[in-house]
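Encoded as structure tokens, the structure appears first; notes follow it.
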Amino acid sequence: MKKSIGILSLILFLTIVFAGYNFFNYRSVTQNNILTSDEKTNETNSDEKLQENDLEVKEPEKPRIHKLGDTGDDIKELQEKLRRFGYKVSEDGVFEYSTSWAIKIFQKRNSLPVDGTAGEETLYKLSLEPTEETMYKPQEVEVSEKPQDRSSEKIINTMNLTSPTNYLMWVNTKNQHTYVFSGENNNWSLIKDMPCTVGNDSTPTKKGTFYVDEKGLYFKVKGNVRCKYFTQFSGNYLFHSVPLDNNDNVLDSRLGVKVSQGCVRLSIENAKWVQDNMEFATTVFVN
């Protein structure tokens, strides 16, 4: 009897030990599996973060703005579009002043900001088909009779001068005449010859190639002296009438002598003619 009880006790003891071993082994395996799962989750999250960090955040490309000094095929294409709209520019792939001023005319006619550069809005408008409203039309110029002496035509047509408009002005400071031509590059025809007064030796008239810009009725010189019908071509350099008092009486009618402060003086009649007929952006060549 005692022997049977001993055997049963041994069996019970071994059963408990075996059950305990299985329990602890199961728990360990389960914990290991849980840790492995967490580690995999962490690895996955880490990989996703790496992939996110590796992605380059690209900002949308800003449209290129064509401006003075630019060169290349895209500038040539821009010039071709301007010519399609009737503007007289060279198709040489060089963004020079004539191209910039042609763009200014185009922008002005199309109610765009006038800055002489070709940005997104301007390029879009130029990509459209020209219409009667958007096509450049040269202003009709009133000329009573053409000058008899046309020697200036031969000279101007050797200078390779262009103008965004159909007109070109030449101020010859040596003989103190202002000439106006119609046409285009190397095919200019003289339509008006005006005697003028240019700057004196201490305040000479600025030389170079410029463009017709702002206009106005009067500007005051000093005291009761003012000038009428001014047309700007470069900063403070203007075409304007001879000096007048506040009642429009002529104070100094001299033309053909270097007595101005740098501006180009014309008769009252001719100053008004320039203001009325010379379009914005017309080339003004001074030598």
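For the structure tokens, the naming scheme is as follows: chains receive sequential letters (A, B, ...) according to their order of presentation, residues are indexed from 1 within each chain, and ligands are indexed from 1 in presentation order.
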What residues in segment 85-207 of chain A get the DSSP label alpha helix (DSSP H)? Please answer as a CSV table (one decimal) with all heavy atoms, in the first residue's frame.
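The resulting file, part.csv, is reproduced below:
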```csv
chain,number,residue,atom,x,y,z
A,97,TYR,N,17.5,96.5,-76.3
A,97,TYR,CA,16.5,97.5,-76.0
A,97,TYR,C,15.3,97.6,-76.9
A,97,TYR,O,14.2,97.8,-76.5
A,97,TYR,CB,17.2,98.9,-75.9
A,97,TYR,CG,18.0,99.0,-74.6
A,97,TYR,CD1,19.4,98.9,-74.6
A,97,TYR,CD2,17.4,99.3,-73.4
A,97,TYR,CE1,20.1,99.0,-73.4
A,97,TYR,CE2,18.1,99.5,-72.2
A,97,TYR,CZ,19.4,99.3,-72.2
A,97,TYR,OH,20.2,99.5,-71.1
A,98,SER,N,15.6,97.4,-78.2
A,98,SER,CA,14.5,97.5,-79.2
A,98,SER,C,13.5,96.4,-78.9
A,98,SER,O,12.2,96.6,-79.0
A,98,SER,CB,15.1,97.3,-80.6
A,98,SER,OG,14.0,97.4,-81.6
A,99,THR,N,13.9,95.2,-78.5
A,99,THR,CA,13.0,94.1,-78.2
A,99,THR,C,12.2,94.4,-76.9
A,99,THR,O,11.0,94.3,-76.8
A,99,THR,CB,13.8,92.8,-78.0
A,99,THR,OG1,14.4,92.4,-79.2
A,99,THR,CG2,12.8,91.7,-77.6
A,100,SER,N,12.9,95.0,-75.9
A,100,SER,CA,12.3,95.3,-74.7
A,100,SER,C,11.2,96.4,-74.9
A,100,SER,O,10.1,96.3,-74.3
A,100,SER,CB,13.3,95.9,-73.7
A,100,SER,OG,12.7,96.2,-72.5
A,101,TRP,N,11.5,97.4,-75.7
A,101,TRP,CA,10.5,98.5,-75.9
A,101,TRP,C,9.3,98.0,-76.8
A,101,TRP,O,8.2,98.4,-76.6
A,101,TRP,CB,11.2,99.7,-76.5
A,101,TRP,CG,11.8,100.5,-75.5
A,101,TRP,CD1,13.1,100.3,-75.0
A,101,TRP,CD2,11.3,101.6,-74.7
A,101,TRP,NE1,13.4,101.2,-74.0
A,101,TRP,CE2,12.3,102.0,-73.8
A,101,TRP,CE3,10.0,102.2,-74.7
A,101,TRP,CZ2,12.1,103.0,-72.9
A,101,TRP,CZ3,9.8,103.2,-73.8
A,101,TRP,CH2,10.8,103.6,-72.9
A,102,ALA,N,9.6,97.0,-77.7
A,102,ALA,CA,8.5,96.4,-78.5
A,102,ALA,C,7.5,95.7,-77.5
A,102,ALA,O,6.3,95.8,-77.6
A,102,ALA,CB,9.0,95.5,-79.5
A,103,ILE,N,8.1,95.0,-76.5
A,103,ILE,CA,7.3,94.3,-75.5
A,103,ILE,C,6.5,95.3,-74.7
A,103,ILE,O,5.3,95.1,-74.3
A,103,ILE,CB,8.2,93.5,-74.6
A,103,ILE,CG1,8.7,92.3,-75.4
A,103,ILE,CG2,7.5,93.0,-73.4
A,103,ILE,CD1,9.8,91.4,-74.7
A,104,LYS,N,7.1,96.5,-74.4
A,104,LYS,CA,6.4,97.5,-73.6
A,104,LYS,C,5.2,98.0,-74.4
A,104,LYS,O,4.1,98.2,-73.8
A,104,LYS,CB,7.3,98.7,-73.3
A,104,LYS,CG,8.3,98.5,-72.3
A,104,LYS,CD,9.2,99.7,-72.0
A,104,LYS,CE,10.2,99.4,-70.9
A,104,LYS,NZ,11.0,100.7,-70.5
A,105,ILE,N,5.3,98.2,-75.7
A,105,ILE,CA,4.2,98.6,-76.5
A,105,ILE,C,3.1,97.5,-76.5
A,105,ILE,O,1.9,97.8,-76.3
A,105,ILE,CB,4.5,98.8,-78.0
A,105,ILE,CG1,5.7,99.8,-78.1
A,105,ILE,CG2,3.3,99.4,-78.8
A,105,ILE,CD1,6.2,100.0,-79.5
A,106,PHE,N,3.5,96.3,-76.6
A,106,PHE,CA,2.6,95.1,-76.6
A,106,PHE,C,1.9,95.1,-75.3
A,106,PHE,O,0.7,94.9,-75.2
A,106,PHE,CB,3.4,93.8,-76.9
A,106,PHE,CG,2.5,92.6,-76.9
A,106,PHE,CD1,1.8,92.2,-78.0
A,106,PHE,CD2,2.4,91.8,-75.7
A,106,PHE,CE1,1.0,91.1,-78.0
A,106,PHE,CE2,1.6,90.7,-75.7
A,106,PHE,CZ,0.9,90.3,-76.9
A,107,GLN,N,2.6,95.2,-74.2
A,107,GLN,CA,2.0,95.2,-72.9
A,107,GLN,C,1.0,96.3,-72.7
A,107,GLN,O,-0.1,96.1,-72.1
A,107,GLN,CB,3.1,95.2,-71.8
A,107,GLN,CG,4.0,94.0,-71.7
A,107,GLN,CD,5.2,94.1,-70.9
A,107,GLN,OE1,5.8,95.2,-70.8
A,107,GLN,NE2,5.7,93.0,-70.3
A,108,LYS,N,1.4,97.5,-73.1
A,108,LYS,CA,0.5,98.6,-73.0
A,108,LYS,C,-0.8,98.4,-73.7
A,108,LYS,O,-1.9,98.7,-73.2
A,108,LYS,CB,1.2,99.9,-73.5
A,108,LYS,CG,0.7,101.2,-73.0
A,108,LYS,CD,1.6,102.3,-73.3
A,108,LYS,CE,1.2,103.6,-72.6
A,108,LYS,NZ,2.1,104.7,-72.9
A,109,ARG,N,-0.7,97.9,-75.0
A,109,ARG,CA,-1.9,97.6,-75.8
A,109,ARG,C,-2.7,96.5,-75.3
A,109,ARG,O,-3.9,96.4,-75.6
A,109,ARG,CB,-1.5,97.3,-77.2
A,109,ARG,CG,-0.9,98.5,-78.0
A,109,ARG,CD,-0.4,98.1,-79.3
A,109,ARG,NE,-1.4,97.5,-80.2
A,109,ARG,CZ,-2.2,98.3,-81.0
A,109,ARG,NH1,-2.0,99.6,-81.1
A,109,ARG,NH2,-3.1,97.7,-81.7
A,120,GLU,N,5.2,85.3,-67.7
A,120,GLU,CA,4.2,84.3,-68.0
A,120,GLU,C,3.0,84.9,-68.8
A,120,GLU,O,2.5,84.4,-69.8
A,120,GLU,CB,3.7,83.7,-66.7
A,120,GLU,CG,2.8,82.5,-66.9
A,120,GLU,CD,2.4,81.8,-65.6
A,120,GLU,OE1,2.8,82.3,-64.6
A,120,GLU,OE2,1.9,80.7,-65.7
A,121,GLU,N,2.5,86.1,-68.2
A,121,GLU,CA,1.3,86.7,-68.8
A,121,GLU,C,1.6,87.2,-70.3
A,121,GLU,O,0.8,87.0,-71.2
A,121,GLU,CB,0.8,87.9,-68.0
A,121,GLU,CG,0.1,87.5,-66.7
A,121,GLU,CD,-0.5,88.7,-66.0
A,121,GLU,OE1,0.4,89.4,-65.4
A,121,GLU,OE2,-1.7,88.9,-66.0
A,122,THR,N,2.8,87.9,-70.4
A,122,THR,CA,3.1,88.4,-71.7
A,122,THR,C,3.3,87.3,-72.7
A,122,THR,O,2.9,87.4,-73.9
A,122,THR,CB,4.4,89.3,-71.6
A,122,THR,OG1,4.1,90.3,-70.7
A,122,THR,CG2,4.8,89.8,-72.9
A,123,LEU,N,4.0,86.2,-72.3
A,123,LEU,CA,4.3,85.1,-73.2
A,123,LEU,C,3.0,84.4,-73.6
A,123,LEU,O,2.8,84.0,-74.8
A,123,LEU,CB,5.2,84.1,-72.6
A,123,LEU,CG,6.7,84.6,-72.4
A,123,LEU,CD1,7.5,83.6,-71.5
A,123,LEU,CD2,7.4,84.8,-73.7
A,124,TYR,N,2.0,84.3,-72.7
A,124,TYR,CA,0.7,83.7,-73.0
A,124,TYR,C,0.0,84.6,-74.1
A,124,TYR,O,-0.5,84.0,-75.1
A,124,TYR,CB,-0.1,83.6,-71.8
A,124,TYR,CG,-1.6,83.2,-72.1
A,124,TYR,CD1,-1.9,82.0,-72.5
A,124,TYR,CD2,-2.6,84.2,-72.0
A,124,TYR,CE1,-3.2,81.7,-72.9
A,124,TYR,CE2,-3.9,83.9,-72.3
A,124,TYR,CZ,-4.2,82.6,-72.7
A,124,TYR,OH,-5.5,82.3,-73.1
A,125,LYS,N,0.0,85.9,-73.9
A,125,LYS,CA,-0.7,86.8,-74.8
A,125,LYS,C,0.0,86.7,-76.2
A,125,LYS,O,-0.7,86.7,-77.2
A,125,LYS,CB,-0.7,88.2,-74.3
A,125,LYS,CG,-1.5,88.5,-73.1
A,125,LYS,CD,-3.0,88.6,-73.5
A,125,LYS,CE,-3.8,89.1,-72.3
A,125,LYS,NZ,-5.2,89.3,-72.6
A,126,LEU,N,1.3,86.6,-76.2
A,126,LEU,CA,2.0,86.5,-77.5
A,126,LEU,C,1.8,85.1,-78.2
A,126,LEU,O,2.0,85.0,-79.4
A,126,LEU,CB,3.5,86.7,-77.3
A,126,LEU,CG,4.0,88.1,-77.1
A,126,LEU,CD1,5.4,88.2,-76.6
A,126,LEU,CD2,3.9,88.9,-78.4
A,127,SER,N,1.4,84.1,-77.4
A,127,SER,CA,1.1,82.8,-78.0
A,127,SER,C,-0.2,82.7,-78.7
A,127,SER,O,-0.5,81.8,-79.5
A,127,SER,CB,1.2,81.7,-76.9
A,127,SER,OG,0.0,81.8,-76.0
A,151,SER,N,19.7,114.0,-98.0
A,151,SER,CA,21.0,113.4,-97.8
A,151,SER,C,21.1,112.6,-96.4
A,151,SER,O,21.9,111.7,-96.3
A,151,SER,CB,22.1,114.5,-97.8
A,151,SER,OG,21.8,115.5,-96.8
A,152,SER,N,20.3,113.0,-95.5
A,152,SER,CA,20.3,112.3,-94.2
A,152,SER,C,19.8,110.8,-94.3
A,152,SER,O,20.2,110.0,-93.5
A,152,SER,CB,19.4,113.0,-93.2
A,152,SER,OG,18.1,113.1,-93.7
A,153,GLU,N,19.0,110.6,-95.3
A,153,GLU,CA,18.5,109.2,-95.6
A,153,GLU,C,19.7,108.2,-95.8
A,153,GLU,O,19.8,107.1,-95.3
A,153,GLU,CB,17.6,109.1,-96.7
A,153,GLU,CG,16.2,109.6,-96.4
A,153,GLU,CD,15.2,109.4,-97.6
A,153,GLU,OE1,15.7,108.8,-98.7
A,153,GLU,OE2,14.1,109.9,-97.5
A,154,LYS,N,20.6,108.7,-96.7
A,154,LYS,CA,21.8,107.9,-97.0
A,154,LYS,C,22.6,107.5,-95.8
A,154,LYS,O,23.1,106.4,-95.6
A,154,LYS,CB,22.7,108.6,-98.1
A,154,LYS,CG,22.0,108.8,-99.4
A,154,LYS,CD,22.9,109.5,-100.4
A,154,LYS,CE,22.2,109.7,-101.7
A,154,LYS,NZ,23.1,110.4,-102.7
A,155,ILE,N,22.8,108.5,-94.9
A,155,ILE,CA,23.6,108.3,-93.7
A,155,ILE,C,22.9,107.4,-92.7
A,155,ILE,O,23.4,106.4,-92.2
A,155,ILE,CB,23.8,109.7,-93.0
A,155,ILE,CG1,24.6,110.6,-93.9
A,155,ILE,CG2,24.6,109.5,-91.7
A,155,ILE,CD1,24.7,112.1,-93.4
A,156,ILE,N,21.6,107.6,-92.5
A,156,ILE,CA,20.9,106.8,-91.5
A,156,ILE,C,20.7,105.4,-91.9
A,156,ILE,O,20.7,104.5,-91.1
A,156,ILE,CB,19.5,107.5,-91.2
A,156,ILE,CG1,19.0,107.1,-89.7
A,156,ILE,CG2,18.4,107.0,-92.2
A,156,ILE,CD1,19.8,107.8,-88.6
```
Would you please give, as a ChimeraX atom specification, all residues of segment 61-127 of chain A that DSSP assigns to strand (DSSP E or B) based on the backbone?
/A:66,71,94,118
Can I get the selection written as an mmCIF file, in the first residue's frame, with all heavy atoms?
```cif
data_model
loop_
_atom_site.group_PDB
_atom_site.id
_atom_site.type_symbol
_atom_site.label_atom_id
_atom_site.label_comp_id
_atom_site.auth_asym_id
_atom_site.auth_seq_id
_atom_site.Cartn_x
_atom_site.Cartn_y
_atom_site.Cartn_z
ATOM 1 N N HIS A 66 12.036 86.422 -69.583
ATOM 2 C CA HIS A 66 13.032 86.888 -70.545
ATOM 3 C C HIS A 66 13.252 88.381 -70.336
ATOM 4 O O HIS A 66 12.296 89.148 -70.239
ATOM 5 C CB HIS A 66 12.560 86.621 -71.975
ATOM 6 C CG HIS A 66 12.279 85.176 -72.253
ATOM 7 N ND1 HIS A 66 13.231 84.194 -72.092
ATOM 8 C CD2 HIS A 66 11.151 84.537 -72.667
ATOM 9 C CE1 HIS A 66 12.712 83.019 -72.408
ATOM 10 N NE2 HIS A 66 11.455 83.200 -72.746
ATOM 11 N N THR A 71 19.973 85.750 -74.388
ATOM 12 C CA THR A 71 20.212 85.337 -75.772
ATOM 13 C C THR A 71 19.766 83.890 -75.947
ATOM 14 O O THR A 71 19.572 83.169 -74.968
ATOM 15 C CB THR A 71 21.709 85.443 -76.142
ATOM 16 O OG1 THR A 71 22.471 84.604 -75.246
ATOM 17 C CG2 THR A 71 22.215 86.869 -76.033
ATOM 18 N N VAL A 94 18.844 88.024 -79.674
ATOM 19 C CA VAL A 94 19.458 88.868 -78.640
ATOM 20 C C VAL A 94 18.382 89.802 -78.077
ATOM 21 O O VAL A 94 17.776 90.575 -78.820
ATOM 22 C CB VAL A 94 20.628 89.701 -79.204
ATOM 23 C CG1 VAL A 94 21.234 90.571 -78.101
ATOM 24 C CG2 VAL A 94 21.683 88.787 -79.805
ATOM 25 N N ALA A 118 9.518 89.707 -70.644
ATOM 26 C CA ALA A 118 8.519 88.750 -71.121
ATOM 27 C C ALA A 118 8.330 87.657 -70.082
ATOM 28 O O ALA A 118 9.069 86.675 -70.048
ATOM 29 C CB ALA A 118 8.949 88.153 -72.457
#
```
Give me the residues within 10 Å of segment 167-175 of chain A as a VMD selection string, counting only C-alpha atoms and dropping any in the same chain fewer than 2 places off.
chain A and resid 88 138 to 139 141 152 156 161 to 165 177 to 185 188 to 199 204 to 212 256 to 258 264 274 277 to 279 281 to 287
Please list as a PyMOL selection string every residue within 10 Å of segment 220-230 of chain A, counting only C-alpha atoms and excluding residues in the same chain fewer than 6 positions away.
chain A and resi 214+237-251+263-276
Take the residues from that selection and put them in a file with N, CA, C and O atoms, as a short mmCIF file (atom, residue, chain, number, x, y, z; two decimals), in the first residue's frame.
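File written: again_13.cif
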```
data_model
loop_
_atom_site.label_atom_id
_atom_site.label_comp_id
_atom_site.auth_asym_id
_atom_site.auth_seq_id
_atom_site.Cartn_x
_atom_site.Cartn_y
_atom_site.Cartn_z
N GLU A 214 7.50 109.22 -71.70
CA GLU A 214 6.40 110.04 -71.19
C GLU A 214 6.27 111.36 -71.95
O GLU A 214 7.23 111.87 -72.52
N TYR A 237 16.10 114.13 -70.07
CA TYR A 237 16.35 114.64 -71.43
C TYR A 237 15.05 114.56 -72.23
O TYR A 237 14.45 113.48 -72.37
N LEU A 238 14.66 115.72 -72.76
CA LEU A 238 13.36 115.85 -73.41
C LEU A 238 13.47 116.59 -74.73
O LEU A 238 14.39 117.38 -74.95
N PHE A 239 12.49 116.36 -75.59
CA PHE A 239 12.17 117.30 -76.66
C PHE A 239 11.15 118.27 -76.06
O PHE A 239 10.22 117.84 -75.37
N HIS A 240 11.30 119.53 -76.34
CA HIS A 240 10.30 120.49 -75.85
C HIS A 240 10.41 121.79 -76.64
O HIS A 240 11.33 121.99 -77.44
N SER A 241 9.48 122.67 -76.38
CA SER A 241 9.46 123.96 -77.08
C SER A 241 10.57 124.87 -76.59
O SER A 241 11.23 124.59 -75.58
N VAL A 242 10.75 125.96 -77.29
CA VAL A 242 11.65 127.02 -76.80
C VAL A 242 11.06 127.57 -75.51
O VAL A 242 9.86 127.39 -75.23
N PRO A 243 11.86 128.24 -74.67
CA PRO A 243 11.36 128.73 -73.38
C PRO A 243 10.25 129.78 -73.53
O PRO A 243 10.30 130.64 -74.42
N LEU A 244 9.27 129.68 -72.64
CA LEU A 244 8.11 130.58 -72.66
C LEU A 244 7.90 131.16 -71.26
O LEU A 244 8.35 130.59 -70.26
N ASP A 245 7.18 132.28 -71.20
CA ASP A 245 6.76 132.76 -69.88
C ASP A 245 5.39 132.16 -69.56
O ASP A 245 4.86 131.34 -70.33
N ASN A 246 4.82 132.55 -68.44
CA ASN A 246 3.56 131.95 -68.01
C ASN A 246 2.39 132.29 -68.93
O ASN A 246 1.32 131.68 -68.84
N ASN A 247 2.59 133.27 -69.80
CA ASN A 247 1.54 133.64 -70.77
C ASN A 247 1.84 133.11 -72.17
O ASN A 247 1.23 133.53 -73.15
N ASP A 248 2.80 132.18 -72.24
CA ASP A 248 3.21 131.55 -73.50
C ASP A 248 3.89 132.50 -74.47
O ASP A 248 3.93 132.26 -75.68
N ASN A 249 4.45 133.58 -73.95
CA ASN A 249 5.28 134.45 -74.78
C ASN A 249 6.68 133.84 -74.88
O ASN A 249 7.24 133.38 -73.88
N VAL A 250 7.24 133.83 -76.09
CA VAL A 250 8.56 133.24 -76.31
C VAL A 250 9.63 134.11 -75.67
O VAL A 250 9.70 135.32 -75.91
N LEU A 251 10.47 133.49 -74.84
CA LEU A 251 11.55 134.21 -74.17
C LEU A 251 12.88 134.09 -74.92
O LEU A 251 13.72 134.98 -74.82
N CYS A 263 18.49 119.35 -72.97
CA CYS A 263 17.32 118.92 -73.73
C CYS A 263 17.42 119.39 -75.19
O CYS A 263 18.31 120.18 -75.54
N VAL A 264 16.50 118.91 -76.00
CA VAL A 264 16.45 119.30 -77.41
C VAL A 264 15.29 120.27 -77.59
O VAL A 264 14.13 119.88 -77.47
N ARG A 265 15.63 121.51 -77.86
CA ARG A 265 14.59 122.53 -78.06
C ARG A 265 14.13 122.54 -79.52
O ARG A 265 14.93 122.42 -80.44
N LEU A 266 12.83 122.71 -79.67
CA LEU A 266 12.22 122.83 -80.99
C LEU A 266 11.30 124.04 -81.00
O LEU A 266 10.95 124.57 -79.93
N SER A 267 10.88 124.44 -82.17
CA SER A 267 9.85 125.49 -82.22
C SER A 267 8.59 124.95 -81.55
O SER A 267 8.42 123.72 -81.40
N ILE A 268 7.71 125.84 -81.14
CA ILE A 268 6.47 125.40 -80.48
C ILE A 268 5.70 124.45 -81.39
O ILE A 268 5.21 123.40 -80.96
N GLU A 269 5.62 124.82 -82.66
CA GLU A 269 4.88 124.00 -83.63
C GLU A 269 5.49 122.60 -83.76
O GLU A 269 4.77 121.59 -83.75
N ASN A 270 6.82 122.54 -83.86
CA ASN A 270 7.47 121.23 -84.03
C ASN A 270 7.46 120.40 -82.74
O ASN A 270 7.37 119.17 -82.80
N ALA A 271 7.55 121.06 -81.60
CA ALA A 271 7.46 120.33 -80.33
C ALA A 271 6.09 119.65 -80.20
O ALA A 271 5.99 118.51 -79.74
N LYS A 272 5.06 120.37 -80.61
CA LYS A 272 3.71 119.78 -80.58
C LYS A 272 3.59 118.65 -81.60
O LYS A 272 2.96 117.62 -81.34
N TRP A 273 4.22 118.83 -82.78
CA TRP A 273 4.16 117.78 -83.80
C TRP A 273 4.80 116.50 -83.28
O TRP A 273 4.25 115.40 -83.46
N VAL A 274 5.96 116.61 -82.64
CA VAL A 274 6.64 115.43 -82.08
C VAL A 274 5.74 114.76 -81.05
O VAL A 274 5.57 113.53 -81.05
N GLN A 275 5.16 115.55 -80.16
CA GLN A 275 4.31 114.97 -79.13
C GLN A 275 3.08 114.28 -79.72
O GLN A 275 2.68 113.20 -79.27
N ASP A 276 2.51 114.87 -80.74
CA ASP A 276 1.29 114.31 -81.35
C ASP A 276 1.56 113.08 -82.21
O ASP A 276 0.70 112.20 -82.31
#
```
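If you count only C-alpha atoms and ignore residues fewer than 3 places along the chain from Phe85 of chain A, what sits within 10 Å of it is Gln79, Glu80, Lys81, Leu82, Lys88, Phe106, Leu126, Leu128, Glu129, Pro130, Thr131, Glu132, Thr134, Met135, Tyr136 and Lys137 of chain A.
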May I have the residues from that selection written out with C-alpha atoms, as a PDB file, in the first residue's frame?
```
ATOM      1  CA  GLN A  79      11.129  88.086 -81.491  1.00  0.00           C
ATOM      2  CA  GLU A  80       9.374  86.063 -84.194  1.00  0.00           C
ATOM      3  CA  LYS A  81       6.146  86.304 -82.192  1.00  0.00           C
ATOM      4  CA  LEU A  82       6.571  90.062 -81.811  1.00  0.00           C
ATOM      5  CA  LYS A  88       9.708  95.810 -86.101  1.00  0.00           C
ATOM      6  CA  PHE A 106       2.593  95.139 -76.616  1.00  0.00           C
ATOM      7  CA  LEU A 126       2.033  86.456 -77.480  1.00  0.00           C
ATOM      8  CA  LEU A 128      -2.366  83.753 -79.133  1.00  0.00           C
ATOM      9  CA  GLU A 129      -3.251  84.467 -82.728  1.00  0.00           C
ATOM     10  CA  PRO A 130      -3.054  88.185 -83.591  1.00  0.00           C
ATOM     11  CA  THR A 131      -6.392  89.898 -84.015  1.00  0.00           C
ATOM     12  CA  GLU A 132      -7.319  93.271 -85.431  1.00  0.00           C
ATOM     13  CA  THR A 134      -4.047  93.180 -80.780  1.00  0.00           C
ATOM     14  CA  MET A 135      -2.118  93.690 -84.031  1.00  0.00           C
ATOM     15  CA  TYR A 136       0.253  96.660 -83.990  1.00  0.00           C
ATOM     16  CA  LYS A 137      -0.899  99.449 -86.257  1.00  0.00           C
TER      17      LYS A 137
END
```
Residue with smallest distance to Gly119 of chain A - pool A:Asp252, A:Leu78, A:Tyr218, A:Asp201, counting only C-alpha atoms
A:Leu78
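Shortest separation to Phe219 of chain A among A:Asn236, A:Glu133, A:Asn160, A:Arg83 occurs at residue A:Asn236, atoms counted being only C-alpha atoms.
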